[in-house]
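Here the structure comes first, spelled out in structure tokens, and everything after it is commentary.
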Amino acid sequence: MSLWYVLAHQPVVFVTAVFILGLLIGSFLNVVIHRLPKMMEANFRAECALLDQPAEVQLTTETASSHYNLIAPRSCCPGCGAQIAGYDNIPVLSWLLLRGKCRHCKTTISIRYPFVELVTGLVSAGLAAYFGWGFIAAGCIVFAWFLIALFCIDVDTYLLPDDLTLPLLWLGLLFNLFGGLTSLNSALIGAVAGYLCLWSVYWLFKLATGKEGMGYGDFKLLAAIGAWLGWQALPIVILLSSLIGAILGIALTLLASRGWSKPLPFGPYLAIAGMIALIWGDNLQRIIFAI
């Protein structure tokens, strides 16, 4: 009996395997969340420096920037710089066994690392249980992984990197090309409409106030969500993200004593709304249109 047969015909085994895979991917997402913004900043500084430096310095700058990526160097403790051994890098479990501290210098390791791993594992397992074995589940799980990474990066840096939003958009179109969640026509219109919706809001707000209400990354993220879920899901996503943003924004302002003028990233609300629409979008549309 092959492994594929067991995964396809034993739902408990399938969901458990996806949960473990999700934990491992969550560990990698922590690397992406931490390193990708730093890589973007390094590339930006290198490009700026290239404008007025001689060729010898240009080559050195480009070579130096290539040494820091999602693969190298190995993860290390921010306190003492000691490399993290494989047995100390087991998702969630290692953090619990080490009580959230570095083995060598006892520097506190943020609880967010195991939290991201656990959330990724649980979300992946939940989607596997909901959709069952097959192409649809695989695509939706990948969709969720991208949204988790984008959620955390936007919270940290107010950035939604093109390195994630654009591949997510193209993957959504390819996914629906091969019979995913919606038709290719719906996905294509969803990508265009998703971008234009927030692009229009951006310019209307800027013309009315002279300020920028959101970033271009938000346009691309909604376009990617439209490419995955189709244009029919966009009203639900926009409504939910606006509602979630208003509630959480007011709560954070009041509880954390934030100024009302301090900006809030909109990407996390889009990511949450996209996940809700993925599972309950059809039911929510029927409820709203029935009212």
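For the structure tokens, the naming scheme is as follows: chains receive sequential letters (A, B, ...) according to their order of presentation, residues are indexed from 1 within each chain, and ligands are indexed from 1 in presentation order.
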Can you list, as JSON, numbers by chain, every residue of region 56-281 of chain A that DSSP puts in helix (DSSP H, G or I)? {"A": [56, 57, 58, 59, 60, 61, 62, 63, 64, 65, 86, 87, 88, 93, 94, 95, 96, 97, 112, 113, 114, 115, 116, 117, 118, 119, 120, 121, 122, 123, 124, 125, 126, 127, 128, 129, 130, 131, 135, 136, 137, 138, 139, 140, 141, 142, 143, 144, 145, 146, 147, 148, 149, 150, 151, 152, 153, 154, 155, 156, 157, 162, 163, 164, 165, 166, 167, 168, 169, 170, 171, 172, 173, 174, 175, 176, 177, 184, 185, 186, 187, 188, 189, 190, 191, 192, 193, 194, 195, 196, 197, 198, 199, 200, 201, 202, 203, 204, 205, 206, 207, 208, 209, 216, 217, 218, 219, 220, 221, 222, 223, 224, 225, 226, 227, 228, 229, 231, 232, 233, 234, 235, 236, 237, 238, 239, 240, 241, 242, 243, 244, 245, 246, 247, 248, 249, 250, 251, 252, 253, 254, 255, 267, 268, 269, 270, 271, 272, 273, 274, 275, 276, 277, 278, 279, 280, 281]}
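Between Pro37 (chain A) and the residues A:Pro161, A:Pro91, A:Gly134, A:Pro78, the shortest atom-to-atom distance, using only C-alpha atoms, involves A:Pro161.
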List the spatial neighbours of Met39 (chain A) as a list of chain:residue names - criterion: any atom at most 12 Å away, only C-alpha atoms, same-chain residues fewer than 2 positions off excluded. A:Val31, A:Val32, A:Ile33, A:His34, A:Arg35, A:Leu36, A:Pro37, A:Glu41, A:Ala42, A:Asn43, A:Phe44, A:Arg45, A:Ala46, A:Ala64, A:Ser65, A:Ser66, A:His67, A:Tyr68, A:Asn69, A:Leu70, A:Ile71, A:Ala72, A:Pro161, A:Asp163
With N, CA, C and O atoms retained, export the selected residues as a CSV table (one decimal), in the first residue's frame.
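Resulting contents of out.csv:
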chain,number,residue,atom,x,y,z
A,31,VAL,N,11.4,32.6,8.8
A,31,VAL,CA,12.6,33.1,8.1
A,31,VAL,C,12.3,34.1,7.1
A,31,VAL,O,12.9,35.2,7.0
A,32,VAL,N,11.2,33.8,6.3
A,32,VAL,CA,10.8,34.8,5.3
A,32,VAL,C,10.4,36.1,5.9
A,32,VAL,O,10.7,37.2,5.4
A,33,ILE,N,9.6,36.0,7.0
A,33,ILE,CA,9.1,37.2,7.6
A,33,ILE,C,10.2,38.1,8.2
A,33,ILE,O,10.2,39.3,8.1
A,34,HIS,N,11.2,37.4,8.7
A,34,HIS,CA,12.3,38.2,9.3
A,34,HIS,C,13.3,38.7,8.2
A,34,HIS,O,13.8,39.8,8.3
A,35,ARG,N,13.6,37.8,7.3
A,35,ARG,CA,14.7,38.2,6.3
A,35,ARG,C,14.3,39.0,5.1
A,35,ARG,O,15.1,39.8,4.6
A,36,LEU,N,13.1,38.7,4.6
A,36,LEU,CA,12.8,39.3,3.3
A,36,LEU,C,12.8,40.8,3.4
A,36,LEU,O,13.3,41.5,2.5
A,37,PRO,N,12.2,41.5,4.4
A,37,PRO,CA,12.3,42.9,4.5
A,37,PRO,C,13.7,43.4,4.6
A,37,PRO,O,14.1,44.5,4.0
A,41,GLU,N,15.6,45.9,2.0
A,41,GLU,CA,16.3,47.1,2.4
A,41,GLU,C,17.8,47.1,1.9
A,41,GLU,O,18.3,48.1,1.4
A,42,ALA,N,18.4,46.0,2.0
A,42,ALA,CA,19.8,45.9,1.5
A,42,ALA,C,19.9,46.1,0.0
A,42,ALA,O,20.8,46.8,-0.5
A,43,ASN,N,18.9,45.5,-0.8
A,43,ASN,CA,18.9,45.7,-2.2
A,43,ASN,C,18.7,47.2,-2.6
A,43,ASN,O,19.3,47.7,-3.5
A,44,PHE,N,17.8,47.8,-1.8
A,44,PHE,CA,17.5,49.2,-2.1
A,44,PHE,C,18.7,50.1,-1.8
A,44,PHE,O,19.1,51.0,-2.6
A,45,ARG,N,19.4,49.8,-0.7
A,45,ARG,CA,20.6,50.6,-0.4
A,45,ARG,C,21.7,50.4,-1.4
A,45,ARG,O,22.4,51.3,-1.8
A,46,ALA,N,21.8,49.1,-1.9
A,46,ALA,CA,22.8,48.8,-2.9
A,46,ALA,C,22.5,49.5,-4.2
A,46,ALA,O,23.5,50.0,-4.8
A,64,ALA,N,28.3,41.3,-1.8
A,64,ALA,CA,28.0,41.3,-0.4
A,64,ALA,C,26.5,41.0,-0.2
A,64,ALA,O,26.1,40.3,0.7
A,65,SER,N,25.7,41.7,-1.0
A,65,SER,CA,24.2,41.5,-0.8
A,65,SER,C,23.7,40.1,-1.1
A,65,SER,O,22.7,39.7,-0.6
A,66,SER,N,24.5,39.3,-1.8
A,66,SER,CA,24.1,38.0,-2.2
A,66,SER,C,24.3,37.0,-1.1
A,66,SER,O,23.9,35.8,-1.2
A,67,HIS,N,25.1,37.4,0.0
A,67,HIS,CA,25.4,36.4,1.0
A,67,HIS,C,24.3,36.3,2.1
A,67,HIS,O,24.4,35.5,3.0
A,68,TYR,N,23.3,37.2,2.0
A,68,TYR,CA,22.2,37.1,2.9
A,68,TYR,C,20.9,36.9,2.2
A,68,TYR,O,20.5,37.8,1.4
A,69,ASN,N,20.3,35.7,2.3
A,69,ASN,CA,19.1,35.4,1.6
A,69,ASN,C,18.3,34.5,2.5
A,69,ASN,O,18.5,34.4,3.7
A,70,LEU,N,17.3,33.9,1.9
A,70,LEU,CA,16.4,33.0,2.7
A,70,LEU,C,17.0,31.7,3.1
A,70,LEU,O,16.4,31.0,3.9
A,71,ILE,N,18.1,31.3,2.5
A,71,ILE,CA,18.8,30.1,2.8
A,71,ILE,C,20.0,30.3,3.7
A,71,ILE,O,20.3,29.5,4.6
A,72,ALA,N,20.8,31.3,3.4
A,72,ALA,CA,22.1,31.5,4.1
A,72,ALA,C,22.1,32.9,4.6
A,72,ALA,O,21.5,33.8,4.0
A,161,PRO,N,5.6,42.9,0.2
A,161,PRO,CA,6.6,42.8,-0.9
A,161,PRO,C,6.0,42.2,-2.2
A,161,PRO,O,5.2,41.3,-2.2
A,163,ASP,N,7.7,40.5,-4.0
A,163,ASP,CA,8.2,39.1,-4.1
A,163,ASP,C,7.2,38.1,-3.6
A,163,ASP,O,7.4,36.9,-3.9
I'd like the contact shell of Ala233 (chain A) - 12 Å cut-off, only C-alpha atoms, skipping same-chain residues fewer than 5 positions apart - returned as a PyMOL selection string. chain A and resi 181-182+186-187+189-191+193-194+222-228+238-240+273-286
Generate a file of the selected residues that holds N, CA, C and O atoms, formatted as a compact mmCIF listing (two decimals), in the first residue's frame.
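Output (part02.txt):
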# COMPACT_ATOMS: atom_id res chain seq x y z
N LEU A 181 -10.77 27.03 -7.76
CA LEU A 181 -11.94 27.46 -7.01
C LEU A 181 -12.98 28.16 -7.87
O LEU A 181 -14.16 28.23 -7.51
N THR A 182 -12.56 28.70 -9.00
CA THR A 182 -13.49 29.44 -9.86
C THR A 182 -12.98 29.32 -11.30
O THR A 182 -11.94 28.72 -11.56
N SER A 186 -13.41 34.36 -14.29
CA SER A 186 -13.72 34.98 -13.02
C SER A 186 -12.45 35.39 -12.28
O SER A 186 -12.38 36.45 -11.66
N ALA A 187 -11.42 34.53 -12.36
CA ALA A 187 -10.15 34.83 -11.68
C ALA A 187 -9.46 36.02 -12.31
O ALA A 187 -8.93 36.90 -11.61
N ILE A 189 -10.86 38.49 -14.09
CA ILE A 189 -11.62 39.70 -13.76
C ILE A 189 -11.40 40.06 -12.29
O ILE A 189 -11.28 41.24 -11.94
N GLY A 190 -11.31 39.05 -11.43
CA GLY A 190 -11.08 39.30 -10.01
C GLY A 190 -9.74 39.99 -9.77
O GLY A 190 -9.64 40.88 -8.93
N ALA A 191 -8.71 39.57 -10.52
CA ALA A 191 -7.40 40.18 -10.35
C ALA A 191 -7.43 41.65 -10.78
O ALA A 191 -6.93 42.53 -10.08
N ALA A 193 -10.16 43.64 -11.19
CA ALA A 193 -11.10 44.41 -10.37
C ALA A 193 -10.54 44.64 -8.98
O ALA A 193 -10.72 45.72 -8.39
N GLY A 194 -9.86 43.63 -8.42
CA GLY A 194 -9.28 43.79 -7.09
C GLY A 194 -8.26 44.92 -7.06
O GLY A 194 -8.25 45.73 -6.13
N LEU A 222 -5.07 42.55 -2.92
CA LEU A 222 -6.48 42.32 -3.25
C LEU A 222 -6.60 41.73 -4.66
O LEU A 222 -7.48 40.90 -4.91
N ALA A 223 -5.73 42.15 -5.57
CA ALA A 223 -5.73 41.55 -6.91
C ALA A 223 -5.41 40.06 -6.82
O ALA A 223 -6.03 39.24 -7.51
N ALA A 224 -4.46 39.70 -5.96
CA ALA A 224 -4.10 38.29 -5.80
C ALA A 224 -5.26 37.50 -5.20
O ALA A 224 -5.55 36.38 -5.63
N ILE A 225 -5.93 38.08 -4.21
CA ILE A 225 -7.09 37.41 -3.61
C ILE A 225 -8.18 37.22 -4.66
O ILE A 225 -8.83 36.17 -4.74
N GLY A 226 -8.39 38.25 -5.50
CA GLY A 226 -9.37 38.13 -6.58
C GLY A 226 -9.00 37.06 -7.58
O GLY A 226 -9.86 36.36 -8.12
N ALA A 227 -7.69 36.90 -7.83
CA ALA A 227 -7.23 35.87 -8.76
C ALA A 227 -7.50 34.47 -8.21
O ALA A 227 -7.75 33.54 -8.97
N TRP A 228 -7.45 34.31 -6.90
CA TRP A 228 -7.70 33.01 -6.29
C TRP A 228 -9.19 32.73 -6.12
O TRP A 228 -9.66 31.62 -6.40
N ILE A 238 -13.75 42.98 0.65
CA ILE A 238 -13.63 44.41 0.94
C ILE A 238 -14.48 44.78 2.17
O ILE A 238 -14.02 45.52 3.06
N LEU A 239 -15.69 44.25 2.23
CA LEU A 239 -16.56 44.54 3.37
C LEU A 239 -15.96 44.01 4.67
O LEU A 239 -15.89 44.72 5.68
N LEU A 240 -15.51 42.76 4.65
CA LEU A 240 -14.95 42.16 5.86
C LEU A 240 -13.66 42.85 6.29
O LEU A 240 -13.47 43.11 7.49
N ALA A 273 -9.65 38.65 5.84
CA ALA A 273 -10.88 38.60 5.06
C ALA A 273 -10.76 37.58 3.93
O ALA A 273 -11.74 36.88 3.61
N GLY A 274 -9.59 37.48 3.32
CA GLY A 274 -9.40 36.50 2.26
C GLY A 274 -9.56 35.08 2.76
O GLY A 274 -10.17 34.24 2.08
N MET A 275 -9.06 34.78 3.95
CA MET A 275 -9.20 33.45 4.52
C MET A 275 -10.66 33.16 4.87
O MET A 275 -11.15 32.05 4.65
N ILE A 276 -11.34 34.14 5.42
CA ILE A 276 -12.76 33.96 5.76
C ILE A 276 -13.57 33.72 4.49
O ILE A 276 -14.44 32.82 4.44
N ALA A 277 -13.30 34.51 3.45
CA ALA A 277 -14.03 34.35 2.19
C ALA A 277 -13.73 33.01 1.54
O ALA A 277 -14.60 32.44 0.87
N LEU A 278 -12.52 32.49 1.73
CA LEU A 278 -12.17 31.19 1.16
C LEU A 278 -13.08 30.09 1.69
O LEU A 278 -13.52 29.21 0.94
N ILE A 279 -13.39 30.15 2.98
CA ILE A 279 -14.18 29.10 3.62
C ILE A 279 -15.68 29.42 3.61
O ILE A 279 -16.51 28.57 3.26
N TRP A 280 -16.03 30.62 4.01
CA TRP A 280 -17.44 30.96 4.22
C TRP A 280 -17.96 32.01 3.24
O TRP A 280 -19.04 32.57 3.44
N GLY A 281 -17.20 32.30 2.18
CA GLY A 281 -17.59 33.36 1.27
C GLY A 281 -18.96 33.17 0.66
O GLY A 281 -19.78 34.09 0.62
N ASP A 282 -19.27 31.97 0.18
CA ASP A 282 -20.56 31.71 -0.46
C ASP A 282 -21.71 31.90 0.52
O ASP A 282 -22.74 32.51 0.18
N ASN A 283 -21.55 31.39 1.73
CA ASN A 283 -22.61 31.53 2.74
C ASN A 283 -22.81 32.99 3.12
O ASN A 283 -23.96 33.45 3.28
N LEU A 284 -21.72 33.74 3.25
CA LEU A 284 -21.83 35.15 3.61
C LEU A 284 -22.51 35.94 2.50
O LEU A 284 -23.31 36.84 2.77
N GLN A 285 -22.18 35.59 1.25
CA GLN A 285 -22.85 36.29 0.14
C GLN A 285 -24.36 36.03 0.14
O GLN A 285 -25.14 36.96 -0.06
N ARG A 286 -24.75 34.80 0.41
CA ARG A 286 -26.19 34.51 0.44
C ARG A 286 -26.88 35.26 1.58
O ARG A 286 -27.99 35.76 1.43
Got a sec: who's within 10 Å of Trp199 (chain A), counting only C-alpha atoms, leaving out chain neighbours fewer than 5 positions off, as an NGL selection string? :A and (193-194 or 204-205 or 214-216 or 218-220)
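Among A:Trp133, A:Phe146, A:Phe178, A:Tyr5, the residue with the shortest atom-to-atom distance to Val18 (chain A), counting only C-alpha atoms, is A:Trp133.
With only C-alpha atoms as the atoms that count, the residue of A:Gly79, A:Lys206, A:Gly230, A:Leu270 with the shortest distance to Gly245 (chain A) is A:Leu270.
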Excluding Leu243 (chain A) and its own-chain neighbours fewer than 5 positions away, which residues fall within 12 Å of it when counting only C-alpha atoms? Please give them as a VMD selection string. chain A and resid 236 to 238 248 to 250 266 269 to 270 272 to 273
